[in-house]
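J.: The structure file protein-v6.txt (compact mmCIF, C-alpha atoms) is provided below.
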```txt
# COMPACT_ATOMS: atom_id res chain seq x y z
CA MET A 1 29.69 7.68 -3.63
CA ARG A 2 26.44 5.75 -3.93
CA HIS A 3 25.90 2.69 -1.76
CA ARG A 4 24.91 0.38 -4.57
CA LEU A 5 23.68 -3.17 -4.05
CA ARG A 6 27.06 -4.81 -4.56
CA ALA A 7 28.74 -2.40 -2.15
CA THR A 8 26.64 -3.19 0.91
CA ALA A 9 27.64 -5.85 3.40
CA ALA A 10 24.09 -7.08 3.62
CA ALA A 11 23.98 -7.59 -0.13
CA SER A 12 26.79 -10.14 -0.14
CA ALA A 13 24.35 -12.74 1.11
CA ALA A 14 21.35 -11.40 -0.78
CA PHE A 15 19.93 -13.12 -3.81
CA THR A 16 17.81 -12.06 -6.74
CA LEU A 17 14.31 -11.50 -5.51
CA THR A 18 11.52 -13.51 -6.98
CA ILE A 19 8.44 -12.81 -4.88
CA LEU A 20 6.21 -15.85 -4.70
CA LEU A 21 2.49 -15.47 -4.90
CA CYS A 22 0.23 -18.39 -4.05
CA ILE A 23 -2.09 -18.59 -7.01
CA SER A 24 -3.76 -21.64 -8.49
CA ASN A 25 -2.20 -24.84 -7.18
CA GLY A 26 1.02 -23.49 -5.79
CA SER A 27 3.67 -20.83 -6.14
CA ALA A 28 4.04 -18.89 -9.34
CA ALA A 29 6.76 -16.28 -9.81
CA PHE A 30 5.73 -12.65 -9.48
CA VAL A 31 8.13 -10.85 -11.78
CA LEU A 32 8.23 -7.10 -12.35
CA ALA A 33 8.73 -5.88 -15.90
CA GLY A 34 11.11 -3.04 -16.62
CA GLU A 35 10.11 0.46 -15.65
CA ASP A 36 7.76 2.77 -17.50
CA LEU A 37 7.30 6.44 -16.72
CA VAL A 38 3.77 7.59 -15.92
CA LEU A 39 2.55 10.21 -18.38
CA SER A 40 0.22 13.17 -18.22
CA ALA A 41 -0.99 14.43 -21.60
CA ASP A 42 1.64 12.20 -23.23
CA THR A 43 4.50 13.79 -21.30
CA ALA A 44 6.34 12.12 -18.43
CA ILE A 45 5.20 13.45 -15.08
CA ALA A 46 8.07 15.32 -13.41
CA VAL A 47 7.09 17.15 -10.24
CA PRO A 48 9.50 19.67 -8.67
CA GLY A 49 11.77 17.86 -6.23
CA TYR A 50 10.86 14.41 -4.90
CA SER A 51 7.73 12.58 -6.01
CA VAL A 52 5.60 10.51 -3.61
CA PRO A 53 2.85 8.74 -5.60
CA SER A 54 -0.26 6.77 -4.75
CA PHE A 55 -3.02 5.37 -6.97
CA VAL A 56 -6.30 5.80 -5.10
CA ARG A 57 -9.91 6.77 -5.54
CA TRP A 58 -10.24 10.56 -5.21
CA ASP A 59 -13.33 11.94 -6.95
CA GLY A 60 -15.94 9.20 -6.61
CA ASP A 61 -16.03 7.92 -10.20
CA ASP A 62 -14.55 4.49 -9.25
CA LEU A 63 -11.45 5.08 -11.37
CA PRO A 64 -8.36 5.34 -9.17
CA ASP A 65 -6.56 8.64 -9.57
CA LEU A 66 -2.92 9.60 -9.13
CA VAL A 67 -2.01 11.59 -6.00
CA VAL A 68 1.59 12.83 -5.89
CA GLY A 69 3.55 14.71 -3.27
CA GLN A 70 6.21 17.13 -4.51
CA GLY A 71 8.94 19.48 -3.32
CA GLY A 72 12.15 19.39 -1.32
CA PHE A 73 15.85 19.94 -2.02
CA GLY A 74 15.38 23.56 -3.01
CA TYR A 75 12.38 22.96 -5.28
CA GLY A 76 9.91 24.69 -3.02
CA PRO A 77 7.41 23.71 -0.33
CA GLY A 78 5.64 20.40 -0.07
CA LYS A 79 2.52 20.37 -2.22
CA VAL A 80 0.08 17.65 -3.19
CA ARG A 81 -0.98 17.15 -6.80
CA VAL A 82 -4.02 15.20 -8.01
CA TYR A 83 -4.09 13.87 -11.57
CA LEU A 84 -7.65 12.71 -12.29
CA ASN A 85 -7.91 9.48 -14.25
CA THR A 86 -9.46 10.17 -17.67
CA GLY A 87 -8.90 6.63 -18.93
CA SER A 88 -10.84 3.45 -18.32
CA PRO A 89 -10.63 0.51 -15.90
CA GLY A 90 -7.25 -1.10 -16.41
CA ALA A 91 -6.00 1.67 -18.70
CA PRO A 92 -5.33 4.81 -16.65
CA ARG A 93 -4.73 8.11 -18.43
CA PHE A 94 -4.16 11.57 -17.03
CA ASP A 95 -4.94 13.94 -19.89
CA ASP A 96 -6.29 16.89 -17.92
CA GLY A 97 -3.16 17.91 -16.07
CA PHE A 98 -3.30 18.30 -12.30
CA VAL A 99 -4.63 20.41 -9.48
CA HIS A 100 -2.93 21.22 -6.19
CA VAL A 101 -4.86 20.15 -3.10
CA ARG A 102 -6.14 22.98 -0.94
CA ALA A 103 -6.79 23.07 2.81
CA ALA A 104 -8.78 25.81 4.54
CA GLY A 105 -9.03 27.53 1.17
CA VAL A 106 -5.32 27.71 0.31
CA GLU A 107 -2.90 25.30 -1.33
CA ILE A 108 -1.20 22.93 1.06
CA ALA A 109 2.42 24.10 1.26
CA SER A 110 4.40 22.43 4.03
CA GLN A 111 7.97 23.48 4.81
CA GLU A 112 10.45 21.58 2.67
CA GLY A 113 13.46 19.99 4.28
CA GLY A 114 16.28 18.36 2.35
CA CYS A 115 14.99 15.39 0.39
CA MET A 116 11.30 15.75 1.23
CA GLY A 117 8.58 18.16 0.40
CA ILE A 118 5.58 16.18 1.65
CA PHE A 119 4.53 12.53 1.96
CA PRO A 120 0.75 12.26 1.33
CA ARG A 121 -1.44 9.20 1.87
CA VAL A 122 -5.21 9.08 1.33
CA VAL A 123 -7.20 7.53 4.17
CA ASP A 124 -10.65 7.67 5.76
CA ALA A 125 -9.36 8.53 9.21
CA ASP A 126 -12.65 8.94 11.08
CA GLY A 127 -14.76 6.27 9.41
CA ASP A 128 -17.27 8.71 7.93
CA GLY A 129 -16.80 7.39 4.39
CA ARG A 130 -15.03 10.55 3.21
CA THR A 131 -11.49 10.88 1.87
CA ASP A 132 -9.07 12.44 4.37
CA LEU A 133 -5.41 13.25 3.76
CA LEU A 134 -2.50 12.17 5.97
CA CYS A 135 0.78 13.95 5.29
CA GLY A 136 4.29 13.42 6.58
CA GLU A 137 6.11 16.75 6.81
CA ALA A 138 9.85 17.04 6.25
CA GLU A 139 10.82 18.03 9.78
CA GLY A 140 9.31 14.93 11.36
CA PHE A 141 5.66 15.73 12.01
CA ILE A 142 2.48 14.13 10.65
CA ARG A 143 -0.55 16.24 9.82
CA LEU A 144 -4.08 14.97 9.22
CA TYR A 145 -6.35 17.04 6.97
CA THR A 146 -10.01 16.14 7.60
CA ASN A 147 -12.47 16.18 4.73
CA THR A 148 -15.35 18.52 5.52
CA GLY A 149 -16.83 18.20 2.03
CA THR A 150 -18.00 15.01 0.35
CA ASP A 151 -16.22 11.86 -0.76
CA ASP A 152 -16.77 12.89 -4.39
CA ALA A 153 -15.53 16.46 -3.90
CA PRO A 154 -13.13 16.64 -0.94
CA VAL A 155 -12.74 19.88 0.99
CA PHE A 156 -10.09 19.88 3.72
CA ASP A 157 -9.75 21.77 6.97
CA ALA A 158 -6.50 23.37 8.12
CA GLY A 159 -5.31 20.06 9.52
CA ARG A 160 -3.95 19.00 12.89
CA TYR A 161 -0.78 17.29 13.97
CA LEU A 162 -1.13 13.73 15.22
CA GLU A 163 -0.13 13.25 18.84
CA VAL A 164 1.16 10.44 21.03
CA GLY A 165 1.17 9.88 24.78
CA GLU A 166 -1.07 9.14 27.72
CA PRO A 167 -4.29 11.14 28.16
CA GLY A 168 -3.44 14.59 29.50
CA ALA A 169 0.18 14.25 28.45
CA LYS A 170 -0.02 14.17 24.68
CA ALA A 171 2.80 15.53 22.51
CA ILE A 172 3.04 15.99 18.75
CA ILE A 173 4.49 12.94 17.03
CA ASP A 174 8.04 13.76 15.96
CA VAL A 175 10.16 11.03 14.34
CA GLY A 176 13.09 13.35 13.73
CA GLN A 177 12.99 14.02 10.00
CA ARG A 178 11.49 12.71 6.75
CA PRO A 179 8.43 10.81 8.06
CA THR A 180 6.84 8.33 5.65
CA PRO A 181 3.55 7.37 7.37
CA ILE A 182 1.08 4.72 6.28
CA VAL A 183 -2.04 3.54 8.07
CA VAL A 184 -2.20 -0.20 8.80
CA ASP A 185 -3.90 -2.48 11.30
CA TRP A 186 -0.58 -3.87 12.52
CA ASP A 187 -1.98 -6.37 15.03
CA LEU A 188 -5.35 -7.00 13.30
CA ASP A 189 -7.35 -5.90 16.34
CA GLY A 190 -9.77 -3.89 14.18
CA ARG A 191 -8.07 -0.59 15.01
CA ARG A 192 -5.76 1.02 12.48
CA ASP A 193 -2.26 1.87 13.62
CA LEU A 194 0.45 4.11 12.20
CA LEU A 195 3.63 2.74 10.60
CA VAL A 196 6.26 5.42 9.97
CA GLY A 197 9.72 5.42 8.43
CA ALA A 198 12.22 8.18 9.14
CA LYS A 199 15.57 9.58 8.04
CA ASP A 200 17.39 7.62 10.75
CA GLY A 201 16.67 4.32 8.97
CA TYR A 202 14.17 2.88 11.45
CA LEU A 203 10.47 2.03 11.21
CA ARG A 204 8.19 2.93 14.10
CA ILE A 205 4.77 1.54 14.90
CA PHE A 206 2.30 3.72 16.82
CA ARG A 207 -0.42 1.41 18.13
CA ASN A 208 -3.95 2.73 18.26
CA GLU A 209 -5.47 2.34 21.74
CA GLY A 210 -8.65 4.19 20.80
CA THR A 211 -11.15 3.13 18.15
CA ASP A 212 -10.83 2.76 14.42
CA ALA A 213 -12.68 6.07 13.98
CA ALA A 214 -11.02 7.94 16.88
CA TRP A 215 -7.30 7.22 16.96
CA ASP A 216 -5.45 7.32 20.29
CA PHE A 217 -1.72 6.66 20.11
CA ARG A 218 -0.22 6.05 23.56
CA GLY A 219 3.34 5.14 22.57
CA SER A 220 5.60 3.82 19.84
CA ALA A 221 7.95 0.91 19.24
CA LEU A 222 10.61 0.16 16.67
CA VAL A 223 9.90 -2.59 14.15
CA LEU A 224 12.26 -5.48 14.86
CA GLU A 225 14.43 -7.72 12.72
CA ASN A 226 15.76 -10.85 14.42
CA GLY A 227 14.75 -9.37 17.75
CA SER A 228 16.68 -6.11 17.32
CA PRO A 229 15.60 -2.76 15.85
CA MET A 230 15.37 -3.06 12.07
CA PHE A 231 17.75 -0.67 10.32
CA VAL A 232 16.98 -0.34 6.62
CA PRO A 233 20.24 -0.13 4.63
CA THR A 234 21.11 3.42 3.51
CA ALA A 235 18.22 4.71 5.67
CA ARG A 236 15.12 6.82 4.87
CA PRO A 237 12.73 3.82 4.70
CA SER A 238 9.39 4.23 2.98
CA PRO A 239 7.15 1.23 3.81
CA GLN A 240 4.28 -0.74 2.33
CA LEU A 241 2.66 -3.69 4.11
CA THR A 242 0.86 -6.52 2.30
CA ASP A 243 1.10 -10.27 1.72
CA LEU A 244 3.53 -10.66 -1.18
CA ASP A 245 4.50 -14.32 -0.96
CA GLY A 246 1.03 -15.83 -0.67
CA ASP A 247 1.41 -17.34 2.80
CA GLY A 248 -1.35 -15.22 4.33
CA ARG A 249 1.10 -13.11 6.34
CA ARG A 250 1.70 -9.45 5.55
CA ASP A 251 5.21 -8.62 4.44
CA LEU A 252 7.17 -5.36 4.29
CA LEU A 253 8.22 -3.72 1.06
CA VAL A 254 10.52 -0.77 1.74
CA GLY A 255 12.15 1.92 -0.39
CA ASN A 256 15.45 3.42 0.78
CA THR A 257 17.77 6.41 0.31
CA GLU A 258 19.71 5.01 -2.63
CA GLY A 259 16.74 3.99 -4.73
CA ASN A 260 16.43 0.29 -3.93
CA ILE A 261 13.27 -1.61 -2.99
CA LEU A 262 13.72 -4.18 -0.21
CA PHE A 263 11.45 -7.14 0.53
CA TYR A 264 11.22 -8.33 4.16
CA PRO A 265 9.14 -11.55 4.40
CA ASN A 266 7.02 -11.92 7.51
CA VAL A 267 8.31 -14.89 9.51
CA GLY A 268 5.95 -14.23 12.42
CA SER A 269 2.18 -14.29 12.30
CA ASN A 270 -0.32 -12.08 10.53
CA ASP A 271 -1.30 -10.34 13.77
CA ASP A 272 2.23 -10.22 15.18
CA PRO A 273 4.61 -9.59 12.27
CA ALA A 274 8.28 -10.54 12.63
CA PHE A 275 11.11 -10.16 10.15
CA SER A 276 14.45 -11.83 9.50
CA GLY A 277 16.48 -10.43 6.62
CA PHE A 278 15.58 -8.98 3.25
CA THR A 279 16.15 -9.37 -0.47
CA TYR A 280 16.38 -6.69 -3.14
CA VAL A 281 13.54 -6.39 -5.64
CA GLU A 282 14.29 -6.80 -9.35
CA ALA A 283 12.49 -5.40 -12.37
CA GLY A 284 13.23 -6.37 -15.95
CA GLY A 285 15.89 -8.76 -14.71
CA GLU A 286 17.90 -6.11 -12.87
CA THR A 287 17.90 -4.87 -9.30
CA ILE A 288 15.87 -1.70 -8.92
CA ASP A 289 18.59 0.88 -8.27
CA LEU A 290 17.37 4.34 -9.24
CA PRO A 291 19.86 6.99 -10.42
CA PHE A 292 20.98 10.24 -8.82
CA THR A 293 19.88 10.80 -5.20
CA PRO A 294 16.49 9.13 -5.53
CA ARG A 295 14.92 8.30 -2.12
CA ALA A 296 12.63 5.53 -3.43
CA ARG A 297 9.04 5.85 -2.20
CA PRO A 298 6.97 2.79 -3.28
CA PHE A 299 3.24 2.25 -3.51
CA LEU A 300 1.58 -1.11 -4.27
CA CYS A 301 -1.54 -1.12 -6.44
CA ASP A 302 -3.21 -2.85 -9.38
CA TRP A 303 -2.24 -0.36 -12.06
CA ASN A 304 -3.62 -2.13 -15.12
CA GLY A 305 -6.62 -3.92 -13.61
CA ASP A 306 -5.38 -7.44 -14.29
CA GLY A 307 -5.69 -8.56 -10.67
CA ARG A 308 -1.94 -8.55 -10.05
CA VAL A 309 -0.01 -6.37 -7.63
CA ASP A 310 2.00 -3.71 -9.47
CA LEU A 311 4.52 -1.23 -8.11
CA LEU A 312 4.64 2.56 -8.33
CA VAL A 313 7.83 4.31 -7.21
CA GLY A 314 8.40 7.99 -6.64
CA SER A 315 11.84 9.57 -6.32
CA SER A 316 14.05 12.43 -7.45
CA PRO A 317 14.05 13.98 -10.05
CA GLY A 318 10.27 13.93 -9.73
CA ASN A 319 9.14 11.22 -12.13
CA VAL A 320 6.66 8.47 -11.24
CA ARG A 321 7.74 4.99 -12.32
CA VAL A 322 5.44 2.01 -12.76
CA TYR A 323 6.60 -1.61 -12.75
CA LEU A 324 3.96 -4.04 -13.96
CA ASN A 325 3.61 -7.52 -12.55
CA ILE A 326 3.89 -9.45 -15.80
CA ASP A 327 2.04 -12.67 -16.56
CA THR A 328 3.77 -15.84 -15.44
CA THR A 329 3.06 -19.53 -15.81
CA THR A 330 1.29 -21.24 -12.93
CA GLY A 331 2.14 -24.76 -13.99
CA VAL A 332 -1.56 -25.65 -14.15
CA ALA A 333 -2.62 -26.97 -17.54
CA ASP A 334 -5.88 -25.61 -18.94
CA GLY A 335 -6.72 -23.97 -15.63
CA LEU A 336 -7.35 -27.30 -13.89
CA PRO A 337 -5.77 -28.17 -10.56
CA PRO A 338 -3.81 -31.41 -10.29
CA ALA A 339 -5.63 -34.51 -9.11
CA GLY A 340 -6.33 -34.59 -5.42
CA LEU A 341 -5.95 -30.83 -4.85
CA PRO A 342 -8.48 -29.86 -2.18
CA ALA A 343 -10.82 -26.92 -2.47
CA ARG A 344 -9.53 -23.85 -0.71
CA LEU A 345 -9.77 -20.09 -0.30
CA ASP A 346 -6.35 -18.56 -0.92
CA ALA A 347 -5.00 -15.35 0.62
CA PRO A 348 -6.71 -12.25 -0.80
CA TRP A 349 -4.35 -9.61 -2.11
CA PRO A 350 -3.33 -6.90 -1.80
CA ASN A 351 -4.23 -6.90 1.88
CA PRO A 352 -4.81 -4.24 3.22
CA PHE A 353 -6.36 -2.88 0.03
CA ASN A 354 -7.78 0.21 -1.64
CA PRO A 355 -9.69 0.23 -3.90
CA VAL A 356 -9.79 -3.42 -5.08
CA VAL A 357 -8.96 -6.77 -3.49
CA THR A 358 -8.58 -10.02 -5.44
CA VAL A 359 -9.90 -13.20 -3.82
CA PRO A 360 -8.42 -16.40 -5.34
CA PHE A 361 -10.08 -19.78 -4.74
CA VAL A 362 -9.78 -23.35 -5.98
CA LEU A 363 -12.46 -26.00 -6.54
CA GLU A 364 -11.51 -29.66 -6.86
CA ARG A 365 -14.67 -30.47 -8.85
CA ARG A 366 -17.68 -28.72 -10.29
CA GLN A 367 -19.93 -27.56 -7.47
CA ARG A 368 -22.01 -24.76 -6.07
CA VAL A 369 -20.03 -22.12 -4.20
CA ARG A 370 -20.99 -18.99 -2.30
CA ILE A 371 -18.43 -16.33 -1.39
CA THR A 372 -19.51 -13.43 0.79
CA VAL A 373 -18.01 -10.47 2.63
CA LEU A 374 -19.03 -9.95 6.27
CA ASP A 375 -18.30 -7.03 8.56
CA ALA A 376 -16.79 -7.30 12.04
CA ARG A 377 -20.26 -7.97 13.51
CA GLY A 378 -20.93 -10.79 11.09
CA ALA A 379 -23.43 -8.82 9.03
CA LEU A 380 -23.53 -9.47 5.29
CA VAL A 381 -21.85 -6.73 3.26
CA ALA A 382 -21.56 -8.22 -0.23
CA VAL A 383 -22.10 -11.45 -2.19
CA LEU A 384 -19.19 -12.04 -4.57
CA VAL A 385 -20.11 -15.49 -5.92
CA ASP A 386 -23.33 -17.47 -5.61
CA GLY A 387 -23.71 -20.30 -8.06
CA GLU A 388 -22.16 -23.33 -9.70
CA ARG A 389 -18.54 -23.15 -10.82
CA PRO A 390 -16.37 -25.73 -12.62
CA ALA A 391 -13.30 -27.41 -11.17
CA GLY A 392 -10.23 -25.25 -11.42
CA VAL A 393 -8.59 -22.06 -10.29
CA HIS A 394 -10.76 -18.98 -9.96
CA GLU A 395 -10.64 -15.47 -8.63
CA VAL A 396 -13.16 -12.77 -7.85
CA ARG A 397 -12.62 -9.11 -7.07
CA TRP A 398 -14.29 -6.84 -4.53
CA THR A 399 -14.24 -3.06 -4.92
CA GLY A 400 -15.46 -2.29 -1.43
CA GLY A 401 -19.11 -1.90 -2.43
CA GLY A 402 -22.24 -3.56 -1.10
CA ALA A 403 -26.00 -3.39 -0.93
CA GLY A 404 -25.74 -0.35 1.33
CA GLY A 405 -23.19 1.49 -0.80
CA GLY A 406 -19.46 1.82 -0.23
CA ALA A 407 -18.02 -0.04 2.74
CA ARG A 408 -16.06 1.90 5.33
CA SER A 409 -12.49 1.28 6.39
CA GLY A 410 -12.11 -1.68 8.67
CA VAL A 411 -11.61 -5.42 9.01
CA TYR A 412 -13.86 -7.70 6.98
CA LEU A 413 -14.21 -11.45 6.61
CA VAL A 414 -14.30 -13.18 3.24
CA ARG A 415 -16.20 -16.45 3.62
CA MET A 416 -16.39 -19.28 1.09
CA GLN A 417 -18.97 -22.05 1.44
CA SER A 418 -18.99 -25.11 -0.81
CA ALA A 419 -19.54 -28.85 -0.72
CA ALA A 420 -15.92 -29.17 0.44
CA GLY A 421 -16.58 -27.08 3.55
CA ALA A 422 -16.37 -23.51 4.79
CA PHE A 423 -13.27 -21.30 4.59
CA SER A 424 -12.59 -17.73 5.66
CA ARG A 425 -9.93 -15.03 5.34
CA LYS A 426 -9.59 -11.62 6.98
CA ILE A 427 -9.14 -8.56 4.79
CA VAL A 428 -8.57 -4.92 5.71
CA LEU A 429 -10.09 -2.07 3.71
CA LEU A 430 -8.30 1.28 3.97
CA ARG A 431 -10.22 4.21 2.47
```
Turn this file's structure into structure tokens for me.
T.:
Amino acid sequence: MRHRLRATAAASAAFTLTILLCISNGSAAFVLAGEDLVLSADTAIAVPGYSVPSFVRWDGDDLPDLVVGQGGFGYGPGKVRVYLNTGSPGAPRFDDGFVHVRAAGVEIASQEGGCMGIFPRVVDADGDGRTDLLCGEAEGFIRLYTNTGTDDAPVFDAGRYLEVGEPGAKAIIDVGQRPTPIVVDWDLDGRRDLLVGAKDGYLRIFRNEGTDAAWDFRGSALVLENGSPMFVPTARPSPQLTDLDGDGRRDLLVGNTEGNILFYPNVGSNDDPAFSGFTYVEAGGETIDLPFTPRARPFLCDWNGDGRVDLLVGSSPGNVRVYLNIDTTTGVADGLPPAGLPARLDAPWPNPFNPVVTVPFVLERRQRVRITVLDARGALVAVLVDGERPAGVHEVRWTGGGAGGGARSGVYLVRMQSAAGAFSRKIVLLR
């Protein structure tokens, strides 16, 4: 019997989720439209077993591509598919089918286990500007495949298992079963950490004690909810971390065993996240509650290039679903802020990001404004705006480029200078 929303104890106090994004002069509802299936050559993608999607830059043409893990539950080993984007910015298409990713000259084929084949995430692990591949394997391990080719044409080595422990006493990371790893800078210290869900229902954070380009995990800790270990209802959590309610603090969005998506708002700080309860995410006016034995595996991205955060979800029986963030009213007539609204730089989103971050800002009157991106040393990376702009609500996007080419993974500072003063926001780029 499925543990549907109405059957869970936690759900009795839950309410319909309307994520609030701080855009223009205040909060405007972020509402997901009903689901669409992602197509390849006009046919719904249906990988064998359980799908694990992401929408990321793969081949260097600046169009995000679709990377999908497959396999599990008797459908064969864990493999990684890449569907190259043959569409245009804001209108992805995947007309050329797919290729399986190879490592050391052979297709990646990790041992399947129950409801997982493989959980792939694209990341530049060593800061060399090339696409690496991080994969959760069904039996609880996490393997990193290093790109020995180029960023435009990745070639992967045989991979190595990530380890944890003190120097000289390292052991392979093992979270039990069904690891769902993502790379995040949990405490915003400039060093990326590892956030991992597992079959047991808990989320673990492995803090990086090394450098951003040479990871060194010394130990792990469970993510907490109200001071106790967070147990995600029905287990098998698959996490995403970004600011979803516009308060500048990164929140958790988590898929679970029974096909729900849960939103945990951050009630702590941006560099020390804390959580207290969750709500279920809706799409098309109904709670997302996927059929069969789905194991929802979400990925946040800007699917249609409109500057809004959309949602991809993988599951069984192998389809990839997309839920678009539909347009909503901001309550600001003609794009002008209400009288007396001060100039400000709002929270960039998604954050962390790959490949595009949207930077919203407000001007209380017509004036000259300069918005720049600086690296951790304070060096100029990119100029996003430099000129006069009218009063009103604005936004600008950064694709991670600059005068010196593509920026590497890391923490950056967005700085806005105007007659009203100087404002800044931290952003995290994950290649």
J.: Env of Gly140 in chain A: 10 Å cut, atoms = only C-alpha atoms, seq-sep filter 2 positions within chain, self excluded. Answer as an MDAnalysis selection string.
T.: chainID A and resid 113 136:138 142 172:180 197:199
J.: Within 7 Å of range 294-309 of chain A, counting all atoms listed in the file, which residues show up once you throw out same-chain ones fewer than 3 positions away? Write them as a list in words, please.
T.: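 Counting only the stated atoms, we get Val52, Pro53, Ser54, Phe55, Pro89, Gly90, Ala91, Ser238, Gln240, Gly255, Asn256, Thr257, Glu258, Gly259, Asn260, Leu290, Pro291, Leu312, Val313, Gly314, Ser315, Ser316, Asn325, Pro350 and Thr358 of chain A.
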J.: So which residues touch Arg344 in chain A within 9 Å, counting all atoms listed in the file, skipping near sequence neighbours fewer than 4 positions away, as a PyMOL selection string?
T.: chain A and resi 360-364+416+420-423
J.: Now that the selection is made, can you save its residues with C-alpha atoms as a PDB file, in the coordinates of the input?
T.:
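As a result, result07.pdb now contains:
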```pdb
ATOM      1  CA  PRO A 360      -8.420 -16.400  -5.340  1.00  0.00           C
ATOM      2  CA  PHE A 361     -10.080 -19.780  -4.740  1.00  0.00           C
ATOM      3  CA  VAL A 362      -9.780 -23.350  -5.980  1.00  0.00           C
ATOM      4  CA  LEU A 363     -12.460 -26.000  -6.540  1.00  0.00           C
ATOM      5  CA  GLU A 364     -11.510 -29.660  -6.860  1.00  0.00           C
ATOM      6  CA  MET A 416     -16.390 -19.280   1.090  1.00  0.00           C
ATOM      7  CA  ALA A 420     -15.920 -29.170   0.440  1.00  0.00           C
ATOM      8  CA  GLY A 421     -16.580 -27.080   3.550  1.00  0.00           C
ATOM      9  CA  ALA A 422     -16.370 -23.510   4.790  1.00  0.00           C
ATOM     10  CA  PHE A 423     -13.270 -21.300   4.590  1.00  0.00           C
TER      11      PHE A 423
END
```
J.: Go through A:Val47, A:Ala391, A:Val414, A:Val82 and flag the residue nearest Arg121 in chain A, using all atoms listed in the file for the distances.
T.: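 Checking each of A:Val47, A:Ala391, A:Val414, A:Val82 against Arg121 in chain A, counting all atoms listed in the file, the winner is A:Val82.
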J.: Write out as a PyMOL selection string each polymer residue whose atoms come within 9 Å of Asp243 in chain A, counting only C-alpha atoms; drop sequence neighbours fewer than 2 positions from it.
T.: chain A and resi 21+241+245-252+265-266+347-352
J.: Please, what distance in Å, to one decimal, runs between CA of Leu374 in chain A and CA of Trp186 in chain A?
T.: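 We find that CA of Leu374 in chain A and CA of Trp186 in chain A lie 20.4 Å from each other.
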J.: What are the closest atom pairs, with distances in Å to one decimal, for each residue of range 85-144 of chain A lying within 10 Å of range 151-161 of chain A, using all atoms listed in the file, rows by chain and rising residue number, as a Markdown table?
T.:
```
| residue | atom | partner | partner_atom | distance |
| --- | --- | --- | --- | --- |
| A:Val101 | CA | A:Phe156 | CA | 8.6 |
| A:Arg102 | CA | A:Phe156 | CA | 6.9 |
| A:Ala103 | CA | A:Phe156 | CA | 4.7 |
| A:Ala104 | CA | A:Asp157 | CA | 4.8 |
| A:Gly105 | CA | A:Phe156 | CA | 8.1 |
| A:Val106 | CA | A:Ala158 | CA | 9.0 |
| A:Ile108 | CA | A:Ala158 | CA | 8.8 |
| A:Asp124 | CA | A:Asp151 | CA | 9.5 |
| A:Asp128 | CA | A:Asp151 | CA | 9.3 |
| A:Gly129 | CA | A:Asp151 | CA | 6.8 |
| A:Arg130 | CA | A:Asp151 | CA | 4.3 |
| A:Thr131 | CA | A:Asp151 | CA | 5.5 |
| A:Asp132 | CA | A:Phe156 | CA | 7.5 |
| A:Leu133 | CA | A:Phe156 | CA | 8.1 |
| A:Leu134 | CA | A:Gly159 | CA | 9.1 |
| A:Cys135 | CA | A:Tyr161 | CA | 9.4 |
| A:Gly136 | CA | A:Tyr161 | CA | 9.8 |
| A:Glu137 | CA | A:Tyr161 | CA | 10.0 |
| A:Phe141 | CA | A:Tyr161 | CA | 6.9 |
| A:Ile142 | CA | A:Tyr161 | CA | 5.6 |
| A:Arg143 | CA | A:Tyr161 | CA | 4.3 |
| A:Leu144 | CA | A:Gly159 | CA | 5.2 |
```
J.: Nearest to Val232 in chain A among A:Asn147, A:Ser220, A:Asn208, A:Thr279, with distances taken over all atoms listed in the file: which residue is it?
T.: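 Closest to Val232 in chain A, using all atoms listed in the file: A:Thr279.
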J.: How far is it from CA of Pro233 in chain A to CA of Phe278 in chain A, in Å with one decimal?
T.: 10.1 Å
